[in-house]
$ cat upload-v7.pdb   # PDB, C-alpha atoms
ATOM      1  CA  MET J 295     109.565  98.226 131.757  1.00  0.00           C
ATOM      2  CA  GLY J 296     106.319 100.168 132.049  1.00  0.00           C
ATOM      3  CA  LEU J 297     103.730 100.891 129.429  1.00  0.00           C
ATOM      4  CA  SER J 298     105.105 104.374 128.825  1.00  0.00           C
ATOM      5  CA  ASP J 299     108.534 102.897 128.149  1.00  0.00           C
ATOM      6  CA  VAL J 300     106.994 100.566 125.594  1.00  0.00           C
ATOM      7  CA  PHE J 301     105.330 103.424 123.731  1.00  0.00           C
ATOM      8  CA  THR J 302     108.560 105.423 123.902  1.00  0.00           C
ATOM      9  CA  SER J 303     110.517 102.511 122.449  1.00  0.00           C
ATOM     10  CA  ILE J 304     107.971 102.064 119.664  1.00  0.00           C
ATOM     11  CA  LYS J 305     108.013 105.807 118.945  1.00  0.00           C
ATOM     12  CA  ASP J 306     111.816 105.864 118.741  1.00  0.00           C
ATOM     13  CA  ARG J 307     111.835 102.844 116.459  1.00  0.00           C
ATOM     14  CA  ALA J 308     109.199 104.423 114.216  1.00  0.00           C
ATOM     15  CA  GLU J 309     111.152 107.687 113.989  1.00  0.00           C
ATOM     16  CA  LYS J 310     114.314 105.758 113.192  1.00  0.00           C
ATOM     17  CA  PHE J 311     112.474 103.874 110.476  1.00  0.00           C
ATOM     18  CA  LEU J 312     111.090 107.116 108.999  1.00  0.00           C
ATOM     19  CA  ASN J 313     114.582 108.598 108.882  1.00  0.00           C
ATOM     20  CA  GLU J 314     116.016 105.615 107.018  1.00  0.00           C
ATOM     21  CA  LYS J 315     116.358 105.411 103.244  1.00  0.00           C
ATOM     22  CA  ASN J 316     113.869 102.860 101.928  1.00  0.00           C
ATOM     23  CA  VAL J 317     110.861 102.554  99.640  1.00  0.00           C
ATOM     24  CA  VAL J 318     108.352 103.616 102.292  1.00  0.00           C
ATOM     25  CA  THR J 319     110.226 106.722 103.378  1.00  0.00           C
ATOM     26  CA  ASP J 320     110.832 107.710  99.759  1.00  0.00           C
ATOM     27  CA  PHE J 321     107.102 107.480  99.069  1.00  0.00           C
ATOM     28  CA  LEU J 322     106.270 109.446 102.223  1.00  0.00           C
ATOM     29  CA  GLY J 323     108.864 112.059 101.266  1.00  0.00           C
ATOM     30  CA  LYS J 324     107.237 112.556  97.870  1.00  0.00           C
ATOM     31  CA  LEU J 325     103.832 112.932  99.526  1.00  0.00           C
ATOM     32  CA  GLU J 326     105.304 115.460 101.918  1.00  0.00           C
ATOM     33  CA  GLU J 327     106.673 117.499  99.004  1.00  0.00           C
ATOM     34  CA  LYS J 328     103.358 117.495  97.152  1.00  0.00           C
ATOM     35  CA  THR J 329     100.998 118.053 100.078  1.00  0.00           C
ATOM     36  CA  GLY J 330     103.179 120.019 102.499  1.00  0.00           C
ATOM     37  CA  ILE J 331     102.162 117.651 105.328  1.00  0.00           C
ATOM     38  CA  LYS J 332     104.971 116.152 107.372  1.00  0.00           C
ATOM     39  CA  LYS J 333     105.588 112.502 106.705  1.00  0.00           C
ATOM     40  CA  LYS J 334     105.173 111.661 110.394  1.00  0.00           C
ATOM     41  CA  ILE J 335     101.606 112.922 110.288  1.00  0.00           C
ATOM     42  CA  ILE J 336     101.005 111.044 107.036  1.00  0.00           C
ATOM     43  CA  ALA J 337     102.325 107.859 108.655  1.00  0.00           C
ATOM     44  CA  VAL J 338     100.089 108.297 111.716  1.00  0.00           C
ATOM     45  CA  GLY J 339      97.086 108.906 109.476  1.00  0.00           C
ATOM     46  CA  ALA J 340      97.896 105.809 107.405  1.00  0.00           C
ATOM     47  CA  VAL J 341      98.164 103.695 110.555  1.00  0.00           C
ATOM     48  CA  SER J 342      94.819 105.049 111.819  1.00  0.00           C
ATOM     49  CA  LEU J 343      93.094 104.351 108.497  1.00  0.00           C
ATOM     50  CA  THR J 344      94.582 100.870 108.484  1.00  0.00           C
ATOM     51  CA  GLY J 345      93.152 100.204 111.936  1.00  0.00           C
ATOM     52  CA  LEU J 346      89.698 101.398 110.868  1.00  0.00           C
ATOM     53  CA  TYR J 347      89.869  99.274 107.731  1.00  0.00           C
ATOM     54  CA  LEU J 348      90.773  96.201 109.772  1.00  0.00           C
ATOM     55  CA  VAL J 349      87.636  96.755 111.818  1.00  0.00           C
ATOM     56  CA  TYR J 350      85.125  97.713 109.127  1.00  0.00           C
ATOM     57  CA  GLY J 351      86.781  97.142 105.737  1.00  0.00           C
ATOM     58  CA  TYR J 352      86.381  94.340 103.202  1.00  0.00           C
ATOM     59  CA  GLY J 353      89.414  92.083 102.758  1.00  0.00           C
ATOM     60  CA  ALA J 354      90.738  92.740 106.259  1.00  0.00           C
ATOM     61  CA  ALA J 355      92.213  89.215 106.378  1.00  0.00           C
ATOM     62  CA  LEU J 356      94.522  89.932 103.434  1.00  0.00           C
ATOM     63  CA  LEU J 357      95.640  93.250 104.885  1.00  0.00           C
ATOM     64  CA  CYS J 358      96.272  91.688 108.282  1.00  0.00           C
ATOM     65  CA  ASN J 359      98.370  88.907 106.767  1.00  0.00           C
ATOM     66  CA  LEU J 360     100.365  91.422 104.734  1.00  0.00           C
ATOM     67  CA  ILE J 361     101.142  93.409 107.878  1.00  0.00           C
ATOM     68  CA  GLY J 362     102.258  90.247 109.652  1.00  0.00           C
ATOM     69  CA  PHE J 363     104.418  89.159 106.722  1.00  0.00           C
ATOM     70  CA  VAL J 364     105.855  92.101 104.760  1.00  0.00           C
ATOM     71  CA  TYR J 365     107.519  94.022 107.602  1.00  0.00           C
ATOM     72  CA  PRO J 366     109.102  90.923 109.234  1.00  0.00           C
ATOM     73  CA  ALA J 367     110.198  89.604 105.832  1.00  0.00           C
ATOM     74  CA  TYR J 368     111.920  92.903 105.034  1.00  0.00           C
ATOM     75  CA  PHE J 369     113.852  92.987 108.304  1.00  0.00           C
ATOM     76  CA  SER J 370     114.578  89.251 108.092  1.00  0.00           C
ATOM     77  CA  ILE J 371     116.358  89.837 104.777  1.00  0.00           C
ATOM     78  CA  LYS J 372     118.305  92.698 106.354  1.00  0.00           C
ATOM     79  CA  ALA J 373     119.214  90.385 109.242  1.00  0.00           C
ATOM     80  CA  ILE J 374     120.493  87.738 106.837  1.00  0.00           C
ATOM     81  CA  GLU J 375     122.655  90.279 105.016  1.00  0.00           C
ATOM     82  CA  SER J 376     124.084  91.735 108.237  1.00  0.00           C
ATOM     83  CA  LEU J 377     127.011  90.280 110.167  1.00  0.00           C
ATOM     84  CA  ASN J 378     125.167  90.455 113.490  1.00  0.00           C
ATOM     85  CA  LYS J 379     123.596  87.125 114.488  1.00  0.00           C
ATOM     86  CA  GLU J 380     121.362  88.426 117.267  1.00  0.00           C
ATOM     87  CA  ASP J 381     118.816  89.809 114.821  1.00  0.00           C
ATOM     88  CA  ASP J 382     118.846  86.444 113.012  1.00  0.00           C
ATOM     89  CA  THR J 383     117.750  84.721 116.221  1.00  0.00           C
ATOM     90  CA  LYS J 384     115.120  87.382 116.837  1.00  0.00           C
ATOM     91  CA  TRP J 385     113.434  86.995 113.470  1.00  0.00           C
ATOM     92  CA  LEU J 386     113.796  83.202 113.429  1.00  0.00           C
ATOM     93  CA  THR J 387     111.918  83.192 116.725  1.00  0.00           C
ATOM     94  CA  TYR J 388     109.220  85.356 115.192  1.00  0.00           C
ATOM     95  CA  TRP J 389     108.765  83.038 112.209  1.00  0.00           C
ATOM     96  CA  VAL J 390     108.539  79.973 114.478  1.00  0.00           C
ATOM     97  CA  VAL J 391     105.800  81.622 116.523  1.00  0.00           C
ATOM     98  CA  TYR J 392     104.119  82.886 113.353  1.00  0.00           C
ATOM     99  CA  GLY J 393     104.060  79.334 111.965  1.00  0.00           C
ATOM    100  CA  VAL J 394     102.617  77.894 115.165  1.00  0.00           C
ATOM    101  CA  PHE J 395     100.008  80.638 115.283  1.00  0.00           C
ATOM    102  CA  SER J 396      99.061  80.079 111.624  1.00  0.00           C
ATOM    103  CA  LEU J 397      98.681  76.342 112.250  1.00  0.00           C
ATOM    104  CA  GLY J 398      96.411  76.960 115.225  1.00  0.00           C
ATOM    105  CA  GLU J 399      94.461  79.588 113.330  1.00  0.00           C
ATOM    106  CA  PHE J 400      93.792  77.110 110.529  1.00  0.00           C
ATOM    107  CA  PHE J 401      91.647  75.035 112.885  1.00  0.00           C
ATOM    108  CA  SER J 402      90.139  77.871 114.932  1.00  0.00           C
ATOM    109  CA  ASP J 403      89.539  80.405 112.189  1.00  0.00           C
ATOM    110  CA  ILE J 404      86.159  78.896 111.295  1.00  0.00           C
ATOM    111  CA  PHE J 405      84.935  79.742 114.812  1.00  0.00           C
ATOM    112  CA  LEU J 406      86.742  83.045 115.375  1.00  0.00           C
ATOM    113  CA  TYR J 407      86.647  84.912 112.080  1.00  0.00           C
ATOM    114  CA  TRP J 408      83.098  86.182 112.575  1.00  0.00           C
ATOM    115  CA  PHE J 409      83.883  87.714 115.980  1.00  0.00           C
ATOM    116  CA  PRO J 410      83.890  91.552 115.968  1.00  0.00           C
ATOM    117  CA  PHE J 411      87.359  93.123 115.710  1.00  0.00           C
ATOM    118  CA  TYR J 412      88.914  89.707 115.086  1.00  0.00           C
ATOM    119  CA  TYR J 413      91.357  90.898 112.420  1.00  0.00           C
ATOM    120  CA  ALA J 414      92.157  94.062 114.346  1.00  0.00           C
ATOM    121  CA  ALA J 415      93.007  91.941 117.386  1.00  0.00           C
ATOM    122  CA  LYS J 416      95.049  89.576 115.221  1.00  0.00           C
ATOM    123  CA  CYS J 417      96.962  92.506 113.750  1.00  0.00           C
ATOM    124  CA  VAL J 418      97.684  93.855 117.234  1.00  0.00           C
ATOM    125  CA  PHE J 419      98.911  90.398 118.260  1.00  0.00           C
ATOM    126  CA  LEU J 420     101.276  90.196 115.267  1.00  0.00           C
ATOM    127  CA  LEU J 421     102.538  93.709 115.948  1.00  0.00           C
ATOM    128  CA  TRP J 422     103.216  92.665 119.535  1.00  0.00           C
ATOM    129  CA  CYS J 423     105.152  89.632 118.255  1.00  0.00           C
ATOM    130  CA  MET J 424     107.400  91.890 116.166  1.00  0.00           C
ATOM    131  CA  ALA J 425     107.576  94.816 118.611  1.00  0.00           C
ATOM    132  CA  PRO J 426     111.104  96.217 119.210  1.00  0.00           C
ATOM    133  CA  VAL J 427     111.141  95.272 122.893  1.00  0.00           C
ATOM    134  CA  SER J 428     112.860  92.443 124.741  1.00  0.00           C
ATOM    135  CA  TRP J 429     109.554  90.936 125.931  1.00  0.00           C
ATOM    136  CA  ASN J 430     107.724  91.026 122.617  1.00  0.00           C
ATOM    137  CA  GLY J 431     105.188  88.368 121.781  1.00  0.00           C
ATOM    138  CA  SER J 432     107.479  86.059 119.872  1.00  0.00           C
ATOM    139  CA  GLN J 433     110.025  85.928 122.710  1.00  0.00           C
ATOM    140  CA  VAL J 434     107.382  85.372 125.386  1.00  0.00           C
ATOM    141  CA  ILE J 435     105.443  82.692 123.487  1.00  0.00           C
ATOM    142  CA  TYR J 436     108.586  80.881 122.378  1.00  0.00           C
ATOM    143  CA  SER J 437     110.205  80.802 125.818  1.00  0.00           C
ATOM    144  CA  ARG J 438     107.023  79.893 127.712  1.00  0.00           C
ATOM    145  CA  VAL J 439     105.136  77.664 125.281  1.00  0.00           C
ATOM    146  CA  VAL J 440     107.025  76.530 122.189  1.00  0.00           C
ATOM    147  CA  ARG J 441     110.423  75.784 123.714  1.00  0.00           C
ATOM    148  CA  PRO J 442     109.202  73.700 126.705  1.00  0.00           C
ATOM    149  CA  VAL J 443     106.924  71.630 124.460  1.00  0.00           C
ATOM    150  CA  PHE J 444     109.711  71.130 121.941  1.00  0.00           C
ATOM    151  CA  LEU J 445     112.271  70.042 124.549  1.00  0.00           C
ATOM    152  CA  ARG J 446     109.753  67.667 126.124  1.00  0.00           C
ATOM    153  CA  HIS J 447     108.998  65.891 122.864  1.00  0.00           C
ATOM    154  CA  GLU J 448     112.259  66.441 120.957  1.00  0.00           C
ATOM    155  CA  ALA J 449     113.458  62.826 121.190  1.00  0.00           C
ATOM    156  CA  THR J 450     110.067  61.446 120.132  1.00  0.00           C
ATOM    157  CA  VAL J 451     109.827  63.817 117.180  1.00  0.00           C
ATOM    158  CA  ASP J 452     113.397  63.015 116.090  1.00  0.00           C
ATOM    159  CA  GLY J 453     112.590  59.278 116.193  1.00  0.00           C
ATOM    160  CA  MET J 454     109.433  59.787 114.142  1.00  0.00           C
ATOM    161  CA  VAL J 455     111.286  61.880 111.581  1.00  0.00           C
ATOM    162  CA  SER J 456     114.062  59.282 111.340  1.00  0.00           C
ATOM    163  CA  ASP J 457     111.567  56.435 110.904  1.00  0.00           C
ATOM    164  CA  LEU J 458     109.619  58.337 108.268  1.00  0.00           C
ATOM    165  CA  SER J 459     112.821  59.173 106.403  1.00  0.00           C
ATOM    166  CA  GLY J 460     113.913  55.517 106.440  1.00  0.00           C
ATOM    167  CA  LYS J 461     110.498  54.305 105.296  1.00  0.00           C
ATOM    168  CA  ALA J 462     110.426  56.893 102.537  1.00  0.00           C
ATOM    169  CA  MET J 463     113.870  55.810 101.297  1.00  0.00           C
ATOM    170  CA  ASN J 464     112.895  52.128 101.364  1.00  0.00           C
ATOM    171  CA  ALA J 465     109.656  52.845  99.527  1.00  0.00           C
ATOM    172  CA  ALA J 466     111.513  54.857  96.901  1.00  0.00           C
ATOM    173  CA  GLU J 467     114.093  52.091  96.384  1.00  0.00           C
ATOM    174  CA  SER J 468     111.372  49.415  96.160  1.00  0.00           C
ATOM    175  CA  LEU J 469     109.396  51.446  93.655  1.00  0.00           C
ATOM    176  CA  THR J 470     112.507  52.055  91.559  1.00  0.00           C
ATOM    177  CA  ARG J 471     113.341  48.330  91.478  1.00  0.00           C
ATOM    178  CA  GLU J 472     109.782  47.422  90.459  1.00  0.00           C
ATOM    179  CA  VAL J 473     109.756  49.964  87.657  1.00  0.00           C
ATOM    180  CA  LEU J 474     113.111  48.809  86.295  1.00  0.00           C
ATOM    181  CA  SER J 475     112.046  45.168  86.536  1.00  0.00           C
ATOM    182  CA  THR J 476     108.838  45.888  84.647  1.00  0.00           C
ATOM    183  CA  LEU J 477     110.707  47.759  81.935  1.00  0.00           C
ATOM    184  CA  VAL J 478     113.165  44.888  81.496  1.00  0.00           C
ATOM    185  CA  LYS J 479     110.462  42.222  81.294  1.00  0.00           C
ATOM    186  CA  ASN J 480     108.266  44.113  78.897  1.00  0.00           C
ATOM    187  CA  LYS J 481     110.182  43.971  75.635  1.00  0.00           C
ATOM    188  CA  SER J 482     107.667  46.208  73.927  1.00  0.00           C
ATOM    189  CA  PHE J 483     109.342  49.170  75.592  1.00  0.00           C
ATOM    190  CA  PHE J 484     112.628  48.372  73.884  1.00  0.00           C
ATOM    191  CA  SER J 485     111.771  46.865  70.467  1.00  0.00           C
ATOM    192  CA  PRO J 486     108.662  47.664  68.426  1.00  0.00           C
ATOM    193  CA  PRO J 487     106.605  44.642  67.294  1.00  0.00           C
ATOM    194  CA  VAL J 488     107.327  43.310  63.769  1.00  0.00           C
ATOM    195  CA  PRO J 489     104.215  43.560  61.559  1.00  0.00           C
ATOM    196  CA  PRO J 490     103.059  40.254  60.001  1.00  0.00           C
ATOM    197  CA  VAL J 491     104.035  39.667  56.369  1.00  0.00           C
ATOM    198  CA  SER J 492     101.154  38.772  54.053  1.00  0.00           C
ATOM    199  CA  GLN J 493     101.445  36.110  51.405  1.00  0.00           C
ATOM    200  CA  ALA J 494     101.352  38.690  48.652  1.00  0.00           C
ATOM    201  CA  GLU J 495     104.325  40.434  50.204  1.00  0.00           C
ATOM    202  CA  ALA J 496     106.277  37.203  50.713  1.00  0.00           C
ATOM    203  CA  PRO J 497     109.697  37.288  49.063  1.00  0.00           C
ATOM    204  CA  LYS J 498     109.822  35.740  45.645  1.00  0.00           C
ATOM    205  CA  SER J 499     111.832  32.566  45.248  1.00  0.00           C
ATOM    206  CA  LEU J 500     115.239  33.052  43.835  1.00  0.00           C
ATOM    207  CA  PRO J 501     116.007  31.550  40.397  1.00  0.00           C
ATOM    208  CA  SER J 502     117.355  28.036  40.460  1.00  0.00           C
ATOM    209  CA  THR J 503     121.086  27.716  40.493  1.00  0.00           C
ATOM    210  CA  ALA J 504     120.992  24.348  38.673  1.00  0.00           C
ATOM    211  CA  PRO J 505     123.264  24.209  35.582  1.00  0.00           C
ATOM    212  CA  ALA J 506     121.519  25.176  32.412  1.00  0.00           C
ATOM    213  CA  ALA J 507     120.867  22.505  29.814  1.00  0.00           C
ATOM    214  CA  SER J 508     123.672  22.137  27.312  1.00  0.00           C
ATOM    215  CA  LEU J 509     123.013  23.961  24.098  1.00  0.00           C
ATOM    216  CA  GLN J 510     122.686  21.855  21.004  1.00  0.00           C
ATOM    217  CA  PRO J 511     125.250  22.728  18.284  1.00  0.00           C
ATOM    218  CA  GLU J 512     123.780  24.551  15.388  1.00  0.00           C
ATOM    219  CA  GLU J 513     123.208  22.515  12.312  1.00  0.00           C
ATOM    220  CA  GLN J 514     125.956  22.855   9.775  1.00  0.00           C
ATOM    221  CA  ARG J 515     124.753  24.872   6.875  1.00  0.00           C
ATOM    222  CA  PRO J 516     125.984  24.021   3.348  1.00  0.00           C
ATOM    223  CA  LEU J 517     128.345  26.381   1.787  1.00  0.00           C
ATOM    224  CA  PHE J 518     127.581  27.543  -1.686  1.00  0.00           C
ATOM    225  CA  LEU J 519     130.480  28.459  -3.810  1.00  0.00           C
ATOM    226  CA  GLY J 520     129.860  31.153  -6.201  1.00  0.00           C
TER     227      GLY J 520
END
$ encode --input "upload-v7.pdb" --output "structure tokens"
Amino acid sequence: MGLSDVFTSIKDRAEKFLNEKNVVTDFLGKLEEKTGIKKKIIAVGAVSLTGLYLVYGYGAALLCNLIGFVYPAYFSIKAIESLNKEDDTKWLTYWVVYGVFSLGEFFSDIFLYWFPFYYAAKCVFLLWCMAPVSWNGSQVIYSRVVRPVFLRHEATVDGMVSDLSGKAMNAAESLTREVLSTLVKNKSFFSPPVPPVSQAEAPKSLPSTAPAASLQPEEQRPLFLG
């Protein structure tokens, strides 16, 4: 496939996208009604302004990341909702390559971000990775770089993941046993301490239950007869 075929494929895909019913085309349609300018020309102008902003504008990193995320995320959701599984594989491949690229960029960004046209070049790279062609960037990088490295080290990585999972489970079980043992031994967690009773608050002694002394009979009083 030559370069002209690539541009033709991209042009056809762009026209198909502009003819679809979505948020972007609705917005472009409203602009076309208000300004009288065809939405294709508006789209080309927006793409040109975006390219200039990536070169000279402030916050080009955010815009570049949005371009590399929003469009693929939208079509990834459509792929999930569709019954066709080929598009699922396509966008899964893109996200794998995008993750590998982001990981590498994390370490190299400190040296590359100040290069001229860095974000414009990064945006072009991401567009190549999502291009609607069979040899787009994600397919090429995955088949030539990611897949061979993965197959070469798959068994080692699986063993490391298994060992880490087992160690994590053992550590979690050991920690749980220690916590439960500490809670059982420390009675203060289960019963609050009884405050000391002062002498003034000591309970009074109960009255003696000994039998009371026998009452003496009352003296007999004389009776006076009237």
$ residues_around --input "upload-v7.pdb" --residues "segment 381-384 of chain J" --least-positions-apart "2" --cutoff "12 Å" --atoms "only C-alpha atoms" --output "PyMOL selection string"
chain J and resi 366-367+369-379+386-391+423-434+436
$ atom_distance --input "upload-v7.pdb" --atom1 "atom CA of Leu469 of chain J" --atom2 "atom CA of Thr450 of chain J"
28.3 Å
$ atom_distance --input "upload-v7.pdb" --atom1 "atom CA of Leu312 of chain J" --atom2 "atom CA of Tyr350 of chain J"
27.6 Å
$ resolve_selection --input "upload-v7.pdb" --expression "the PyMOL selection byres ((chain J and resi 332-334) around 12)" --output "PyMOL selection string"
chain J and resi 305+308-313+318-331+335-341
$ write_last_selection --input "upload-v7.pdb" --atoms "C-alpha atoms" --output "PDB file, in the coordinates of the input"
ATOM      1  CA  LYS J 305     108.013 105.807 118.945  1.00  0.00           C
ATOM      2  CA  ALA J 308     109.199 104.423 114.216  1.00  0.00           C
ATOM      3  CA  GLU J 309     111.152 107.687 113.989  1.00  0.00           C
ATOM      4  CA  LYS J 310     114.314 105.758 113.192  1.00  0.00           C
ATOM      5  CA  PHE J 311     112.474 103.874 110.476  1.00  0.00           C
ATOM      6  CA  LEU J 312     111.090 107.116 108.999  1.00  0.00           C
ATOM      7  CA  ASN J 313     114.582 108.598 108.882  1.00  0.00           C
ATOM      8  CA  VAL J 318     108.352 103.616 102.292  1.00  0.00           C
ATOM      9  CA  THR J 319     110.226 106.722 103.378  1.00  0.00           C
ATOM     10  CA  ASP J 320     110.832 107.710  99.759  1.00  0.00           C
ATOM     11  CA  PHE J 321     107.102 107.480  99.069  1.00  0.00           C
ATOM     12  CA  LEU J 322     106.270 109.446 102.223  1.00  0.00           C
ATOM     13  CA  GLY J 323     108.864 112.059 101.266  1.00  0.00           C
ATOM     14  CA  LYS J 324     107.237 112.556  97.870  1.00  0.00           C
ATOM     15  CA  LEU J 325     103.832 112.932  99.526  1.00  0.00           C
ATOM     16  CA  GLU J 326     105.304 115.460 101.918  1.00  0.00           C
ATOM     17  CA  GLU J 327     106.673 117.499  99.004  1.00  0.00           C
ATOM     18  CA  LYS J 328     103.358 117.495  97.152  1.00  0.00           C
ATOM     19  CA  THR J 329     100.998 118.053 100.078  1.00  0.00           C
ATOM     20  CA  GLY J 330     103.179 120.019 102.499  1.00  0.00           C
ATOM     21  CA  ILE J 331     102.162 117.651 105.328  1.00  0.00           C
ATOM     22  CA  ILE J 335     101.606 112.922 110.288  1.00  0.00           C
ATOM     23  CA  ILE J 336     101.005 111.044 107.036  1.00  0.00           C
ATOM     24  CA  ALA J 337     102.325 107.859 108.655  1.00  0.00           C
ATOM     25  CA  VAL J 338     100.089 108.297 111.716  1.00  0.00           C
ATOM     26  CA  GLY J 339      97.086 108.906 109.476  1.00  0.00           C
ATOM     27  CA  ALA J 340      97.896 105.809 107.405  1.00  0.00           C
ATOM     28  CA  VAL J 341      98.164 103.695 110.555  1.00  0.00           C
TER      29      VAL J 341
END
$ atom_distance --input "upload-v7.pdb" --atom1 "atom CA of Ala414 of chain J" --atom2 "atom CA of Leu348 of chain J"
5.2 Å
